[in-house]
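Following: one structure in structure tokens, then a few remarks.
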Amino acid sequence: MEQQKRKKLFSSGMLVMTALIWGIAFVAQSEGMNYVGGFTFNASRFLIGGAVLIPCIFLLRRLNPEPCRELLAAEKKNRKKAGIVGGICCGTVLCLSSSLQQFGIAYTSVGKAGFITALYIILVPILGLLMKKRVGINVWLSVGIAAVGMYLLCIKEGFSVGKGDFLVFLCSIGFSLHIIVIDYFSPRGDGVVISCVQFFTAGLISAILMLLFEKPSWGAVAAAWLPILYAGIMSCGVAYTLQVIAQKDVAPTVASLLMSLESVFSVLAGWVLLQQKLSLKEMLGCGLVFAGILLAQLPGEAVS
């Protein structure tokens with residue numbers, strides 16, 4: 001029992017580390033835009049992330065061998081096919097969502113982008129209504145609280161919304177769809193294979209868009225080597241691997257709460273590394289959005 005508690009505590013720490021890595025990644029994304037275009041940055045980091053995950057696939061299979069090695073050949077083939085198809089579908093949605101986030105973050109602060117992106121935790125159960133899934137009353141309350149927070153965080157004088165804030169909000173909707181697609185394919189295929197394929201898919205699509213709409217140069221990519229490597233190796237490869245390993249020992253609700261700390265870490269990272277400060281009104285908005293995120297994770301009575 002004591003060993004199990006220690007294992008859960010260690011896994012929880014890994015999820016907090018995952019949230020920290022993702023929070024700092026907002027800084028890397030913001031800095032990367034100073035050197036290269038959004039599609040160029042995404043193409044570079046996703047292709048690096050996919051390459052990093054290849055050895056992780058073999059590592060995770062060693063640490064977590066399949067419980068039933070006597071799987072029929074047809075079932076193995078179906079899981080492999082589901083992993084590839086799922087990865088392509090997830091990668092396509094990931095490319096769209098990340099592109100919106102990447103271009104949006106160029107017009108807003110790192111902290112605001114982190115909190116707006118984290119709204120996917122609330123949007124996922126709302127979108128679940130389309131799949132006839134019931135939503136708890138706590139989710140509806142969290143939507144109201146988060147809406148007030150978003151007003152304080154994003155609405156400017158004259159009731160206008162900043163371009164960057166709007167793009168990042170669209171990205172949070174995209175990430176919500178991304179989670180739903182993953183939820184569909186993950187039971188049918190290997191999770192790490194899906195992730196690896198999705199990174200290569202997102203990277204290749206971003207590379208095509210890069211060649212169509214941007215003028216990439218090796219010099220600019222080399223100048224952005226640190227943000228790109230951090231986003232590719234740490235945010236895509238390391239953080240995802242930590243998440244996959246840790247979530248096996250932590251309840252989904254607790255895992256979501258811990259990973260939602262990325263929004264808090266994004267504010268701290270923007271303040272420490274970029275000297276980006278939020279006004280009192282924006283800080284209050286962040287607090288309400290985070291309260292809504294926390295409330296959405298609590299068990300509540302389902303309503304139709």
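We label chains A, B, ... in the order they appear in the structure tokens, count residues from 1 in each chain, and number ligands from 1 in the order shown.
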>> Which residues are near Gly285 in chain A? Cut-off 12 Å, only C-alpha atoms, ignore same chain within fewer than 2 positions. Put them as number ranges by chain.
In response: A: 111-112, 115-116, 145-155, 278-283, 287-292
Closest-contact table, range 118-183 of chain A side, partner range 99-106 of chain A, 6 Å, counting only C-alpha atoms, as a tab-separated table:
residue	atom	partner	partner_atom	distance
A:Gly164	CA	A:Gly104	CA	4.0
A:Leu167	CA	A:Gly104	CA	4.9
A:Val168	CA	A:Gln101	CA	4.9
A:Cys171	CA	A:Leu100	CA	5.2
> From the list A:Leu294, A:Val244, A:Leu204, A:Leu141, which residue is nearest Ser263 in chain A when using only C-alpha atoms?
Replying inline: A:Leu294
>> Need to verify the contact set: Ala255 in chain A, 12 Å, only C-alpha atoms, exclusion of same-chain residues closer than 4 positions in sequence. Can you return it as a list in words?
In response: Lys8, Leu9, Ser11, Ser12, Gly13, Met14, Leu15, Val16, Met17, Thr18, Ala19, Ile121, Leu242, Gln243, Val244, Ile245, Ala246, Gln247, Lys248, Asp249, Val250, Ala251, Met259, Ser260, Leu261, Leu294 and Gln297 of chain A
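By only C-alpha atoms, and with residues fewer than 2 positions from Met33 in chain A along its chain excluded, the set lying at most 10 Å from it is Ala28, Gln29, Ser30, Glu31, Tyr35, Val36, Gly37, Gly38, Phe39, Thr40, Phe41, Gln102, Phe103, Ile105, Ala106, Ala224 and Pro227 of chain A.
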Got time to write the residues from that selection, all heavy atoms, as a compact mmCIF listing (two decimals), in the first residue's frame?
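Written output follows (out-v4.txt):
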# COMPACT_ATOMS: atom_id res chain seq x y z
N ALA A 28 8.69 29.37 -25.85
CA ALA A 28 9.44 28.91 -27.02
C ALA A 28 8.70 29.24 -28.32
O ALA A 28 9.30 29.70 -29.30
CB ALA A 28 9.70 27.40 -26.93
N GLN A 29 7.38 29.03 -28.31
CA GLN A 29 6.58 29.32 -29.50
C GLN A 29 6.59 30.82 -29.81
O GLN A 29 6.69 31.22 -30.96
CB GLN A 29 5.14 28.83 -29.30
CG GLN A 29 5.01 27.32 -29.29
CD GLN A 29 3.58 26.89 -28.97
OE1 GLN A 29 3.31 26.30 -27.94
NE2 GLN A 29 2.66 27.19 -29.86
N SER A 30 6.47 31.63 -28.76
CA SER A 30 6.47 33.07 -28.94
C SER A 30 7.82 33.56 -29.48
O SER A 30 7.89 34.37 -30.41
CB SER A 30 6.16 33.76 -27.61
OG SER A 30 6.19 35.17 -27.73
N GLU A 31 8.90 33.04 -28.90
CA GLU A 31 10.23 33.44 -29.35
C GLU A 31 10.54 32.95 -30.75
O GLU A 31 11.20 33.63 -31.53
CB GLU A 31 11.29 32.91 -28.36
CG GLU A 31 11.36 33.67 -27.05
CD GLU A 31 11.80 35.11 -27.26
OE1 GLU A 31 12.99 35.33 -27.53
OE2 GLU A 31 10.94 36.01 -27.19
N TYR A 35 11.84 34.63 -35.48
CA TYR A 35 12.83 34.20 -36.47
C TYR A 35 12.21 33.56 -37.71
O TYR A 35 12.69 33.77 -38.82
CB TYR A 35 13.80 33.19 -35.83
CG TYR A 35 14.51 33.71 -34.62
CD1 TYR A 35 14.03 33.44 -33.34
CD2 TYR A 35 15.67 34.48 -34.74
CE1 TYR A 35 14.68 33.91 -32.21
CE2 TYR A 35 16.33 34.95 -33.61
CZ TYR A 35 15.83 34.67 -32.35
OH TYR A 35 16.47 35.15 -31.23
N VAL A 36 11.17 32.75 -37.49
CA VAL A 36 10.59 32.00 -38.61
C VAL A 36 9.07 32.16 -38.60
O VAL A 36 8.47 32.58 -37.61
CB VAL A 36 10.95 30.50 -38.53
CG1 VAL A 36 12.44 30.30 -38.69
CG2 VAL A 36 10.46 29.89 -37.22
N GLY A 37 8.44 31.79 -39.72
CA GLY A 37 6.99 31.82 -39.82
C GLY A 37 6.36 30.69 -39.00
O GLY A 37 7.03 29.72 -38.62
N GLY A 38 5.06 30.80 -38.78
CA GLY A 38 4.36 29.81 -37.96
C GLY A 38 4.39 28.41 -38.53
O GLY A 38 4.60 27.43 -37.81
N PHE A 39 4.21 28.28 -39.85
CA PHE A 39 4.23 26.96 -40.48
C PHE A 39 5.63 26.35 -40.43
O PHE A 39 5.79 25.15 -40.24
CB PHE A 39 3.74 27.04 -41.92
CG PHE A 39 2.29 27.43 -42.05
CD1 PHE A 39 1.91 28.47 -42.88
CD2 PHE A 39 1.31 26.76 -41.32
CE1 PHE A 39 0.57 28.84 -43.00
CE2 PHE A 39 -0.04 27.13 -41.44
CZ PHE A 39 -0.40 28.16 -42.27
N THR A 40 6.65 27.20 -40.61
CA THR A 40 8.03 26.73 -40.55
C THR A 40 8.36 26.21 -39.15
O THR A 40 8.97 25.14 -39.00
CB THR A 40 9.01 27.86 -40.92
OG1 THR A 40 8.70 28.34 -42.23
CG2 THR A 40 10.45 27.36 -40.89
N PHE A 41 7.93 26.95 -38.14
CA PHE A 41 8.18 26.54 -36.76
C PHE A 41 7.50 25.22 -36.47
O PHE A 41 8.11 24.29 -35.91
CB PHE A 41 7.69 27.62 -35.79
CG PHE A 41 8.01 27.35 -34.35
CD1 PHE A 41 9.21 27.75 -33.80
CD2 PHE A 41 7.10 26.67 -33.54
CE1 PHE A 41 9.52 27.50 -32.47
CE2 PHE A 41 7.39 26.42 -32.21
CZ PHE A 41 8.61 26.83 -31.68
N GLN A 102 -0.13 29.01 -32.94
CA GLN A 102 1.17 29.59 -33.26
C GLN A 102 1.05 31.01 -33.79
O GLN A 102 1.80 31.90 -33.40
CB GLN A 102 1.89 28.70 -34.28
CG GLN A 102 3.34 29.07 -34.50
CD GLN A 102 4.18 28.93 -33.24
OE1 GLN A 102 3.98 28.01 -32.45
NE2 GLN A 102 5.12 29.84 -33.05
N PHE A 103 0.08 31.23 -34.68
CA PHE A 103 -0.11 32.57 -35.23
C PHE A 103 -0.79 33.49 -34.21
O PHE A 103 -0.52 34.69 -34.17
CB PHE A 103 -0.93 32.52 -36.52
CG PHE A 103 -0.14 32.00 -37.70
CD1 PHE A 103 -0.33 30.71 -38.15
CD2 PHE A 103 0.80 32.80 -38.32
CE1 PHE A 103 0.40 30.21 -39.23
CE2 PHE A 103 1.53 32.33 -39.40
CZ PHE A 103 1.34 31.02 -39.86
N ILE A 105 -0.40 33.38 -30.93
CA ILE A 105 0.51 33.74 -29.84
C ILE A 105 1.42 34.90 -30.24
O ILE A 105 2.03 35.55 -29.38
CB ILE A 105 1.34 32.50 -29.42
CG1 ILE A 105 1.75 32.61 -27.96
CG2 ILE A 105 2.55 32.31 -30.30
CD1 ILE A 105 2.36 31.33 -27.41
N ALA A 106 1.49 35.17 -31.55
CA ALA A 106 2.30 36.30 -32.02
C ALA A 106 1.62 37.63 -31.72
O ALA A 106 2.27 38.67 -31.75
CB ALA A 106 2.57 36.17 -33.52
N ALA A 224 16.63 30.07 -34.89
CA ALA A 224 15.56 29.69 -33.96
C ALA A 224 15.77 28.30 -33.39
O ALA A 224 14.82 27.67 -32.91
CB ALA A 224 14.20 29.76 -34.66
N PRO A 227 14.34 27.57 -29.48
CA PRO A 227 12.89 27.40 -29.35
C PRO A 227 12.37 26.17 -30.08
O PRO A 227 11.49 25.46 -29.57
CB PRO A 227 12.31 28.68 -29.95
CG PRO A 227 13.41 29.68 -29.87
CD PRO A 227 14.67 28.90 -30.05
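Relative to CA of Ser44 in chain A, CA of Ala269 in chain A is found at 22.5 Å.
Each of A:Lys215, A:Lys7, A:Lys156, A:Arg45 was compared to Ser98 in chain A using only C-alpha atoms, and A:Arg45 turns out to be the nearest.
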> What does the distance from CA of Gly189 in chain A to CA of Glu75 in chain A come to in Å, to one decimal?
Replying inline: 10.1 Å
> Among range 67-249 of chain A, which residues carry a DSSP assignment of strand (DSSP E), reported as a PyMOL selection string?
Replying inline: chain A and resi 135-136+155-156+160-161
>> Can you tell me, as number ranges by chain, which residues in range 190-302 of chain A count as helix (DSSP H, G or I) by DSSP?
In response: A: 191-213, 218-223, 225-246, 252-259, 262-274, 280-297
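In terms of minimum interatomic distance to Val85 in chain A, A:Cys196 ranks closest within A:Leu273, A:Ala239, A:Leu211, A:Cys196, counting only C-alpha atoms.
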>> Excluding range 177-184 of chain A and its own-chain neighbours fewer than 6 positions away, which residues fall within 8 Å of it when counting only C-alpha atoms? Please give them as a ChimeraX atom specification.
In response: /A:86,89-90,93-94,124,127
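Distances from A:Val139, A:Ala202, A:Ala296, A:Leu257 to Leu47 in chain A were compared using only C-alpha atoms, and the smallest one belongs to A:Ala202.
Interatomic distance, CA of Val135 in chain A to CA of Cys286 in chain A: 23.8 Å.
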>> Considering only C-alpha atoms, can you say which of A:Gly232, A:Gly144, A:Gly87, A:Gly174 comes closest to Ser186 in chain A?
In response: A:Gly87
